[in-house]
Amino acid sequence: MNNHEPVRGRHRLIERYSRGERTNHWIIAITFVLLALSGLALFHPAMFWLTSLFGGGPWTRILHPFVGVFMFLCFVVFAARMWRYNLMDERDRVWLKHGRDVINNREDRLPEVGRYNGGQKLLYFVLVICMIGLLLSGIVIWRQYFSFYFPIEIIRAASVIHAICGLVMICAIIVHIYAGIWVKGSVGAMVRGTVTWGWAWKHHRAWFRESRKEPLGK
Amino acid sequence: MSMQSLDIKRRSATTTPPPSVREPVPASVAKLIDVSKCIGCKACQSACMEWNDLRDVVGEAVGVYDNPPDLTEHSWTVMRFSEYQNPQGDLEWLIRKDGCMHCEDPGCLKACPSPGAIVQYTNGIVDFHEENCIGCGYCVTGCPFNVPRISKKDHKAYKCTLCSDRVAVGQEPACVKTCPTGAIVFGTKEDMKQHAADRIEDLKSRGFDKAGLYDPAGVGGTHVMYVLHHADQPGLYHGLPANPTISPMVALWKGIAKPLGLAAVALTALAGFFHYVRVGPNEVSEEDERRAEDMPLDDPGPDGYGRPHIPPGGGPPTPQETRHE
């Protein structure tokens, strides 16, 4: 084994996310939190106090769409990078059917997983659909620059679509965050860029096998 | 302006009761506009500008009498002129004073996300409090009559206040005060309905057998009502909607979606928390690390002699796995 191979404690490491991917992911994550908080503030009176975080109601209204467009652009780059790893195949469908084994930590009963499992791929496509829905409906309800181009019925429909896509996305991201807390070692993958061999072997064995055929390390 | 804090019936984006210590007078107010008496002089528009101290920009002629051509943040009422050829072949010039209808069930107030930016007083007047307005334009989305206008300058929403400041001190709205033909009258809603009934009877005796009162039930009735000579065809009056209601889209968005949406978010988070408490984390053991180390570089994967695609549920480990134990 070569001496430059990354190690954490006595476990050997394998790179999962490059520096650029990690940066891109966390920019999306930060903008998402800002958007979820400001979006909920304008969605439900019980959440209106969150506008204080953004400098009050008018500033929340001003900032939300700009941050949203910025997140969309970052997401497009990220989603394009991840596209080829997230195409569903038969193995993913079988994985998804074993939902009960998944949530009960019985990974030995699941088919082997490549770079992403069926659940992660499902999340990917839910996010892609929500992001497109949010961008298009968001432009329609962006009163200051765009709303006057659209008939009122379209604006009303866009308001509903924006709320639904936003809520679905918030729920999906809660699942995503929880999965990171639940499956130990996942947060490290996105923070430090690496996972241990054991992590890769246990959760993404097919990816681990492929990765080992290529030179390891950074 | 919030001048009547003890007389507020409904407040936007507020889920607790408004101040209700003062017993409201049961009667609400209404402005009645008798279209059949209107001569289109626009004195009401001038009075509105004067009382509210608003000056619209001098626009350009667009070929119709409507001036300005639409409601704006400066013009809270606009005379709408419609030419109608009746079945007898005669021309009728239908002139409707457009502006906020002060719905009993206001779509603007329902849609507004900012607490106290829109209020409804116990007398029925729906008022915008611009100091609380955030400029999102949801009131425009919610309004069934296309009335609120957002200023391009300050991005606040504006519309007719029914001169709530005048009414609060016992005066009639400025447009009512100035109308030279008595086409606009103001009083309790009951009195205005009675007055309208007399007018409708008169109109019917003059051949307008479809004359009637416009007080649309779909928005709970309005505190601005019209006497129309053709009450069966409100659309003749510059597209006055026949059955205005809060759009089902707005009702969904600002109704059931709000509690359901928050519940979905909260339940998702709780499901995660209790999953962690009940099932616990998915951790990588030393055993997993060792097996990873021991996996041969030329491991053929599930299609060779290694693990099958789907191992028999919870069955004994395959020989390949036991080899390293």
# chains A, B, ... in the order shown; residues from 1 in each chain; ligands from 1
call {"tool": "residues_around", "arguments": {"residues": "range 63-79 of chain A", "least_positions_apart": "5", "cutoff": "7 Å", "atoms": "only C-alpha atoms", "output": "list of chain:residue names"}}
result
A:Asn24, A:Ile28, A:Thr31, A:Leu35, A:Ser38, A:Met131
call {"tool": "write_last_selection", "arguments": {"atoms": "N, CA and C atoms", "output": "JSON list (two decimals), in the first residue's frame"}}
result
[["chain", "number", "residue", "atom", "x", "y", "z"],
["A", 24, "ASN", "N", -19.99, 23.05, -3.27],
["A", 24, "ASN", "CA", -21.27, 23.21, -3.96],
["A", 24, "ASN", "C", -22.42, 22.74, -3.08],
["A", 28, "ILE", "N", -25.54, 25.11, -1.40],
["A", 28, "ILE", "CA", -26.97, 24.79, -1.57],
["A", 28, "ILE", "C", -27.62, 24.62, -0.20],
["A", 31, "THR", "N", -28.14, 28.06, 1.52],
["A", 31, "THR", "CA", -29.21, 28.83, 0.87],
["A", 31, "THR", "C", -30.56, 28.15, 1.10],
["A", 35, "LEU", "N", -33.88, 29.85, 2.62],
["A", 35, "LEU", "CA", -35.13, 29.86, 1.85],
["A", 35, "LEU", "C", -36.26, 29.18, 2.60],
["A", 38, "SER", "N", -37.36, 31.64, 5.40],
["A", 38, "SER", "CA", -38.09, 32.81, 4.89],
["A", 38, "SER", "C", -39.39, 32.39, 4.20],
["A", 131, "MET", "N", -37.31, 21.63, -7.38],
["A", 131, "MET", "CA", -36.54, 22.82, -7.74],
["A", 131, "MET", "C", -37.08, 23.45, -9.02]]
call {"tool": "closest_atom_pairs", "arguments": {"of": "chain A", "to": "chain B", "cutoff": "7 Å", "atoms": "only C-alpha atoms", "output": "Markdown table"}}
result
| residue | atom | partner | partner_atom | distance |
| --- | --- | --- | --- | --- |
| A:Leu42 | CA | B:Pro113 | CA | 5.5 |
| A:Phe43 | CA | B:Pro113 | CA | 6.8 |
| A:His44 | CA | B:Lys258 | CA | 6.1 |
| A:Pro45 | CA | B:Ala13 | CA | 4.9 |
| A:Gly57 | CA | B:Ile134 | CA | 5.2 |
| A:Pro58 | CA | B:Ile134 | CA | 4.2 |
| A:Arg61 | CA | B:Cys136 | CA | 6.2 |
| A:Asn104 | CA | B:Val279 | CA | 6.3 |
| A:Asn105 | CA | B:Asn282 | CA | 6.0 |
| A:Arg109 | CA | B:Gly313 | CA | 5.5 |
| A:Leu110 | CA | B:Ile310 | CA | 5.9 |
| A:Pro111 | CA | B:His309 | CA | 4.9 |
| A:Glu112 | CA | B:His309 | CA | 6.5 |
| A:Arg143 | CA | B:Gly137 | CA | 6.1 |
| A:Ile152 | CA | B:Thr141 | CA | 6.6 |
| A:Ile155 | CA | B:Thr141 | CA | 6.7 |
| A:Arg156 | CA | B:Met249 | CA | 5.9 |
| A:Ala157 | CA | B:Met249 | CA | 6.2 |
| A:Val160 | CA | B:Trp253 | CA | 5.3 |
| A:Leu167 | CA | B:Gly261 | CA | 6.2 |
| A:Ile170 | CA | B:Val265 | CA | 6.9 |
| A:Cys171 | CA | B:Val265 | CA | 5.4 |
| A:Ile174 | CA | B:Ala269 | CA | 6.3 |
| A:Tyr178 | CA | B:Gly272 | CA | 6.0 |
| A:Trp182 | CA | B:Pro281 | CA | 4.6 |
| A:Val183 | CA | B:Asn282 | CA | 4.7 |
| A:Lys184 | CA | B:Glu283 | CA | 5.3 |
| A:Trp197 | CA | B:Ala292 | CA | 5.7 |
| A:Gly198 | CA | B:Glu289 | CA | 3.8 |
| A:Trp199 | CA | B:Val284 | CA | 5.8 |
| A:Trp201 | CA | B:Ala292 | CA | 5.5 |
| A:Lys202 | CA | B:Asp288 | CA | 6.5 |
| A:Arg212 | CA | B:Leu297 | CA | 6.8 |
call {"tool": "write_last_selection", "arguments": {"atoms": "C-alpha atoms", "output": "PDB file, in the first residue's frame"}}
result
ATOM      1  CA  LEU A  42     -44.511  33.972   4.450  1.00  0.00           C
ATOM      2  CA  PHE A  43     -46.506  30.724   4.365  1.00  0.00           C
ATOM      3  CA  HIS A  44     -48.009  30.521   7.841  1.00  0.00           C
ATOM      4  CA  PRO A  45     -48.785  33.271  10.364  1.00  0.00           C
ATOM      5  CA  GLY A  57     -41.202  41.410   6.432  1.00  0.00           C
ATOM      6  CA  PRO A  58     -40.249  43.613   3.468  1.00  0.00           C
ATOM      7  CA  ARG A  61     -39.961  39.467   0.645  1.00  0.00           C
ATOM      8  CA  ASN A 104     -34.555  -1.429  10.726  1.00  0.00           C
ATOM      9  CA  ASN A 105     -30.828  -1.357   9.901  1.00  0.00           C
ATOM     10  CA  ARG A 109     -31.003  -8.290   3.455  1.00  0.00           C
ATOM     11  CA  LEU A 110     -30.691  -5.580   0.807  1.00  0.00           C
ATOM     12  CA  PRO A 111     -29.218  -5.815  -2.662  1.00  0.00           C
ATOM     13  CA  GLU A 112     -25.765  -4.307  -3.116  1.00  0.00           C
ATOM     14  CA  ARG A 143     -44.444  40.539  -7.890  1.00  0.00           C
ATOM     15  CA  ILE A 152     -54.326  36.116 -12.356  1.00  0.00           C
ATOM     16  CA  ILE A 155     -50.524  33.506 -10.463  1.00  0.00           C
ATOM     17  CA  ARG A 156     -52.998  31.743  -8.170  1.00  0.00           C
ATOM     18  CA  ALA A 157     -51.989  28.291  -9.446  1.00  0.00           C
ATOM     19  CA  VAL A 160     -50.289  26.814  -4.712  1.00  0.00           C
ATOM     20  CA  LEU A 167     -43.277  21.878   1.635  1.00  0.00           C
ATOM     21  CA  ILE A 170     -38.600  20.822   3.234  1.00  0.00           C
ATOM     22  CA  CYS A 171     -39.896  17.365   4.223  1.00  0.00           C
ATOM     23  CA  ILE A 174     -35.541  16.758   6.750  1.00  0.00           C
ATOM     24  CA  TYR A 178     -31.916  12.730   9.339  1.00  0.00           C
ATOM     25  CA  TRP A 182     -28.773   8.113  11.348  1.00  0.00           C
ATOM     26  CA  VAL A 183     -26.148   6.557   9.084  1.00  0.00           C
ATOM     27  CA  LYS A 184     -22.977   7.367  10.985  1.00  0.00           C
ATOM     28  CA  TRP A 197     -13.420   1.490   3.829  1.00  0.00           C
ATOM     29  CA  GLY A 198     -15.827  -0.197   6.218  1.00  0.00           C
ATOM     30  CA  TRP A 199     -18.458   2.471   5.605  1.00  0.00           C
ATOM     31  CA  TRP A 201     -18.165  -1.703   2.114  1.00  0.00           C
ATOM     32  CA  LYS A 202     -21.230  -1.731   4.330  1.00  0.00           C
ATOM     33  CA  ARG A 212     -10.698   0.116  -5.435  1.00  0.00           C
TER      34      ARG A 212
END
call {"tool": "closest_residue", "arguments": {"among": "A:Leu122, A:Ile62, A:Arg192, A:Gly55", "to": "Leu87 in chain A", "atoms": "only C-alpha atoms"}}
result
A:Leu122
call {"tool": "select_by_dssp", "arguments": {"residues": "chain A", "states": "strand (DSSP E or B)", "output": "JSON, numbers by chain"}}
result
{"A": [7, 8, 11, 12, 13, 14, 15, 183, 194, 195, 196]}
call {"tool": "write_last_selection", "arguments": {"atoms": "N, CA and C atoms", "output": "PDB file, in the first residue's frame"}}
result
ATOM      1  N   VAL A   7      -5.788   8.235   5.991  1.00  0.00           N
ATOM      2  CA  VAL A   7      -6.149   7.351   7.101  1.00  0.00           C
ATOM      3  C   VAL A   7      -6.813   8.185   8.174  1.00  0.00           C
ATOM      4  N   ARG A   8      -7.853   7.648   8.809  1.00  0.00           N
ATOM      5  CA  ARG A   8      -8.441   8.313   9.980  1.00  0.00           C
ATOM      6  C   ARG A   8      -8.379   7.296  11.114  1.00  0.00           C
ATOM      7  N   HIS A  11      -8.340   3.471  10.514  1.00  0.00           N
ATOM      8  CA  HIS A  11      -9.137   3.036   9.368  1.00  0.00           C
ATOM      9  C   HIS A  11      -8.661   3.708   8.096  1.00  0.00           C
ATOM     10  N   ARG A  12      -8.591   2.913   7.061  1.00  0.00           N
ATOM     11  CA  ARG A  12      -8.225   3.489   5.772  1.00  0.00           C
ATOM     12  C   ARG A  12      -9.428   4.218   5.178  1.00  0.00           C
ATOM     13  N   LEU A  13      -9.152   5.299   4.429  1.00  0.00           N
ATOM     14  CA  LEU A  13     -10.225   6.161   3.912  1.00  0.00           C
ATOM     15  C   LEU A  13     -10.286   6.102   2.393  1.00  0.00           C
ATOM     16  N   ILE A  14     -11.444   6.448   1.908  1.00  0.00           N
ATOM     17  CA  ILE A  14     -11.669   6.501   0.463  1.00  0.00           C
ATOM     18  C   ILE A  14     -12.405   7.809   0.177  1.00  0.00           C
ATOM     19  N   GLU A  15     -12.039   8.477  -0.894  1.00  0.00           N
ATOM     20  CA  GLU A  15     -12.679   9.775  -1.157  1.00  0.00           C
ATOM     21  C   GLU A  15     -14.082   9.575  -1.737  1.00  0.00           C
ATOM     22  N   VAL A 183     -27.194   7.408   9.634  1.00  0.00           N
ATOM     23  CA  VAL A 183     -26.148   6.557   9.084  1.00  0.00           C
ATOM     24  C   VAL A 183     -24.800   7.202   9.417  1.00  0.00           C
ATOM     25  N   THR A 194     -14.279  12.240   2.931  1.00  0.00           N
ATOM     26  CA  THR A 194     -13.869  10.837   2.923  1.00  0.00           C
ATOM     27  C   THR A 194     -14.778   9.978   3.787  1.00  0.00           C
ATOM     28  N   VAL A 195     -14.771   8.693   3.478  1.00  0.00           N
ATOM     29  CA  VAL A 195     -15.443   7.698   4.319  1.00  0.00           C
ATOM     30  C   VAL A 195     -14.446   6.566   4.564  1.00  0.00           C
ATOM     31  N   THR A 196     -14.695   5.773   5.609  1.00  0.00           N
ATOM     32  CA  THR A 196     -13.799   4.648   5.855  1.00  0.00           C
ATOM     33  C   THR A 196     -14.130   3.522   4.879  1.00  0.00           C
TER      34      THR A 196
END
call {"tool": "closest_atom_pairs", "arguments": {"of": "range 20-120 of chain B", "to": "range 172-194 of chain B", "cutoff": "10 Å", "atoms": "only C-alpha atoms", "output": "JSON lines"}}
result
{"residue": "B:Pro26", "atom": "CA", "partner": "B:Thr188", "partner_atom": "CA", "distance": 10.0}
{"residue": "B:Ala27", "atom": "CA", "partner": "B:Thr188", "partner_atom": "CA", "distance": 6.2}
{"residue": "B:Ser28", "atom": "CA", "partner": "B:Thr188", "partner_atom": "CA", "distance": 5.6}
{"residue": "B:Val29", "atom": "CA", "partner": "B:Thr188", "partner_atom": "CA", "distance": 4.1}
{"residue": "B:Ala30", "atom": "CA", "partner": "B:Lys189", "partner_atom": "CA", "distance": 4.7}
{"residue": "B:Lys31", "atom": "CA", "partner": "B:Phe186", "partner_atom": "CA", "distance": 4.5}
{"residue": "B:Leu32", "atom": "CA", "partner": "B:Val185", "partner_atom": "CA", "distance": 5.3}
{"residue": "B:Ile33", "atom": "CA", "partner": "B:Ile184", "partner_atom": "CA", "distance": 4.6}
{"residue": "B:Asp34", "atom": "CA", "partner": "B:Ala183", "partner_atom": "CA", "distance": 4.8}
{"residue": "B:Val35", "atom": "CA", "partner": "B:Ala183", "partner_atom": "CA", "distance": 6.8}
{"residue": "B:Ser36", "atom": "CA", "partner": "B:Ala183", "partner_atom": "CA", "distance": 7.7}
{"residue": "B:Lys37", "atom": "CA", "partner": "B:Ala183", "partner_atom": "CA", "distance": 5.0}
{"residue": "B:Cys38", "atom": "CA", "partner": "B:Ala183", "partner_atom": "CA", "distance": 5.5}
{"residue": "B:Ile39", "atom": "CA", "partner": "B:Thr181", "partner_atom": "CA", "distance": 7.7}
{"residue": "B:Cys41", "atom": "CA", "partner": "B:Pro180", "partner_atom": "CA", "distance": 8.7}
{"residue": "B:Lys42", "atom": "CA", "partner": "B:Cys179", "partner_atom": "CA", "distance": 8.6}
{"residue": "B:Ala43", "atom": "CA", "partner": "B:Cys179", "partner_atom": "CA", "distance": 6.3}
{"residue": "B:Cys44", "atom": "CA", "partner": "B:Cys175", "partner_atom": "CA", "distance": 4.2}
{"residue": "B:Gln45", "atom": "CA", "partner": "B:Cys175", "partner_atom": "CA", "distance": 7.0}
{"residue": "B:Ser46", "atom": "CA", "partner": "B:Cys175", "partner_atom": "CA", "distance": 8.2}
{"residue": "B:Ala47", "atom": "CA", "partner": "B:Cys175", "partner_atom": "CA", "distance": 5.6}
{"residue": "B:Cys48", "atom": "CA", "partner": "B:Ala174", "partner_atom": "CA", "distance": 6.0}
{"residue": "B:Met49", "atom": "CA", "partner": "B:Ala174", "partner_atom": "CA", "distance": 9.2}
{"residue": "B:Glu50", "atom": "CA", "partner": "B:Ala174", "partner_atom": "CA", "distance": 8.5}
{"residue": "B:Trp51", "atom": "CA", "partner": "B:Ala174", "partner_atom": "CA", "distance": 6.5}
{"residue": "B:Asn52", "atom": "CA", "partner": "B:Ala174", "partner_atom": "CA", "distance": 8.9}
{"residue": "B:Thr77", "atom": "CA", "partner": "B:Cys175", "partner_atom": "CA", "distance": 9.2}
{"residue": "B:Lys97", "atom": "CA", "partner": "B:Ile184", "partner_atom": "CA", "distance": 9.4}
call {"tool": "write_last_selection", "arguments": {"atoms": "N, CA and C atoms", "output": "compact mmCIF listing (two decimals), in the first residue's frame"}}
result
# COMPACT_ATOMS: atom_id res chain seq x y z
N PRO B 26 -74.47 46.10 15.98
CA PRO B 26 -74.80 45.03 15.03
C PRO B 26 -74.80 45.49 13.58
N ALA B 27 -75.12 46.75 13.34
CA ALA B 27 -75.24 47.20 11.95
C ALA B 27 -73.87 47.45 11.34
N SER B 28 -73.72 47.05 10.09
CA SER B 28 -72.52 47.41 9.35
C SER B 28 -72.89 48.51 8.35
N VAL B 29 -71.85 49.12 7.78
CA VAL B 29 -72.12 50.22 6.85
C VAL B 29 -72.01 49.73 5.42
N ALA B 30 -72.53 50.52 4.51
CA ALA B 30 -72.39 50.21 3.09
C ALA B 30 -72.50 51.48 2.28
N LYS B 31 -71.81 51.44 1.14
CA LYS B 31 -71.94 52.52 0.16
C LYS B 31 -72.76 51.94 -0.98
N LEU B 32 -73.77 52.65 -1.39
CA LEU B 32 -74.60 52.17 -2.49
C LEU B 32 -74.38 53.07 -3.69
N ILE B 33 -73.99 52.46 -4.82
CA ILE B 33 -73.74 53.21 -6.04
C ILE B 33 -74.84 52.88 -7.03
N ASP B 34 -75.64 53.88 -7.34
CA ASP B 34 -76.75 53.67 -8.26
C ASP B 34 -76.26 54.00 -9.66
N VAL B 35 -75.92 52.97 -10.40
CA VAL B 35 -75.32 53.16 -11.72
C VAL B 35 -76.29 53.92 -12.64
N SER B 36 -77.59 53.73 -12.41
CA SER B 36 -78.57 54.36 -13.30
C SER B 36 -78.63 55.87 -13.11
N LYS B 37 -78.10 56.34 -11.99
CA LYS B 37 -78.13 57.79 -11.74
C LYS B 37 -76.79 58.46 -12.05
N CYS B 38 -75.78 57.67 -12.36
CA CYS B 38 -74.44 58.22 -12.56
C CYS B 38 -74.35 58.90 -13.91
N ILE B 39 -73.77 60.12 -13.91
CA ILE B 39 -73.61 60.85 -15.17
C ILE B 39 -72.16 60.84 -15.63
N CYS B 41 -69.42 62.17 -14.22
CA CYS B 41 -68.72 63.44 -14.11
C CYS B 41 -67.35 63.33 -13.44
N LYS B 42 -67.11 62.20 -12.76
CA LYS B 42 -65.83 61.95 -12.08
C LYS B 42 -65.57 62.86 -10.90
N ALA B 43 -66.61 63.52 -10.39
CA ALA B 43 -66.42 64.33 -9.18
C ALA B 43 -65.95 63.44 -8.03
N CYS B 44 -66.44 62.19 -8.00
CA CYS B 44 -66.04 61.27 -6.93
C CYS B 44 -64.54 60.98 -7.01
N GLN B 45 -64.03 60.86 -8.25
CA GLN B 45 -62.59 60.62 -8.41
C GLN B 45 -61.80 61.81 -7.87
N SER B 46 -62.27 63.01 -8.18
CA SER B 46 -61.58 64.21 -7.70
C SER B 46 -61.64 64.30 -6.18
N ALA B 47 -62.82 64.00 -5.64
CA ALA B 47 -62.99 64.09 -4.19
C ALA B 47 -62.07 63.08 -3.49
N CYS B 48 -61.96 61.90 -4.10
CA CYS B 48 -61.10 60.85 -3.54
C CYS B 48 -59.66 61.34 -3.50
N MET B 49 -59.20 61.91 -4.64
CA MET B 49 -57.84 62.44 -4.71
C MET B 49 -57.63 63.52 -3.66
N GLU B 50 -58.65 64.39 -3.53
CA GLU B 50 -58.48 65.53 -2.65
C GLU B 50 -58.44 65.10 -1.19
N TRP B 51 -59.44 64.29 -0.79
CA TRP B 51 -59.48 63.89 0.61
C TRP B 51 -58.22 63.08 0.99
N ASN B 52 -57.84 62.15 0.13
CA ASN B 52 -56.71 61.28 0.46
C ASN B 52 -55.36 61.89 0.07
N THR B 77 -60.28 55.00 -7.09
CA THR B 77 -61.56 54.78 -7.76
C THR B 77 -61.44 55.33 -9.18
N LYS B 97 -68.65 53.13 -11.22
CA LYS B 97 -67.55 53.61 -10.37
C LYS B 97 -66.84 52.38 -9.80
call {"tool": "residues_around", "arguments": {"residues": "range 133-140 of chain A", "least_positions_apart": "5", "cutoff": "7 Å", "atoms": "only C-alpha atoms", "output": "mmCIF file with N, CA and C atoms, in the first residue's frame"}}
result
data_model
loop_
_atom_site.group_PDB
_atom_site.id
_atom_site.type_symbol
_atom_site.label_atom_id
_atom_site.label_comp_id
_atom_site.auth_asym_id
_atom_site.auth_seq_id
_atom_site.Cartn_x
_atom_site.Cartn_y
_atom_site.Cartn_z
ATOM 1 N N PHE A 146 -42.019 40.220 -12.274
ATOM 2 C CA PHE A 146 -42.599 39.314 -13.269
ATOM 3 C C PHE A 146 -44.115 39.135 -13.214
ATOM 4 N N SER A 147 -44.735 39.291 -12.042
ATOM 5 C CA SER A 147 -46.145 38.890 -11.921
ATOM 6 C C SER A 147 -47.053 39.565 -12.941
ATOM 7 N N PHE A 150 -48.308 37.851 -16.131
ATOM 8 C CA PHE A 150 -49.116 36.626 -16.100
ATOM 9 C C PHE A 150 -50.559 36.909 -15.690
ATOM 10 N N ILE A 155 -51.193 33.076 -11.702
ATOM 11 C CA ILE A 155 -50.524 33.506 -10.463
ATOM 12 C C ILE A 155 -51.076 32.701 -9.281
ATOM 13 N N ALA A 158 -49.746 29.215 -9.455
ATOM 14 C CA ALA A 158 -48.317 29.224 -9.112
ATOM 15 C C ALA A 158 -48.117 29.356 -7.604
ATOM 16 N N SER A 159 -48.992 30.118 -6.946
ATOM 17 C CA SER A 159 -48.882 30.269 -5.496
ATOM 18 C C SER A 159 -49.050 28.915 -4.812
ATOM 19 N N ILE A 161 -48.652 25.902 -6.264
ATOM 20 C CA ILE A 161 -47.551 25.007 -6.660
ATOM 21 C C ILE A 161 -46.292 25.345 -5.861
ATOM 22 N N HIS A 162 -46.037 26.634 -5.674
ATOM 23 C CA HIS A 162 -44.839 27.052 -4.942
ATOM 24 C C HIS A 162 -44.893 26.537 -3.500
ATOM 25 N N CYS A 165 -44.526 22.552 -3.575
ATOM 26 C CA CYS A 165 -43.136 22.154 -3.864
ATOM 27 C C CYS A 165 -42.231 22.505 -2.695
ATOM 28 N N GLY A 166 -42.447 23.676 -2.097
ATOM 29 C CA GLY A 166 -41.624 24.083 -0.970
ATOM 30 C C GLY A 166 -41.783 23.136 0.209
#
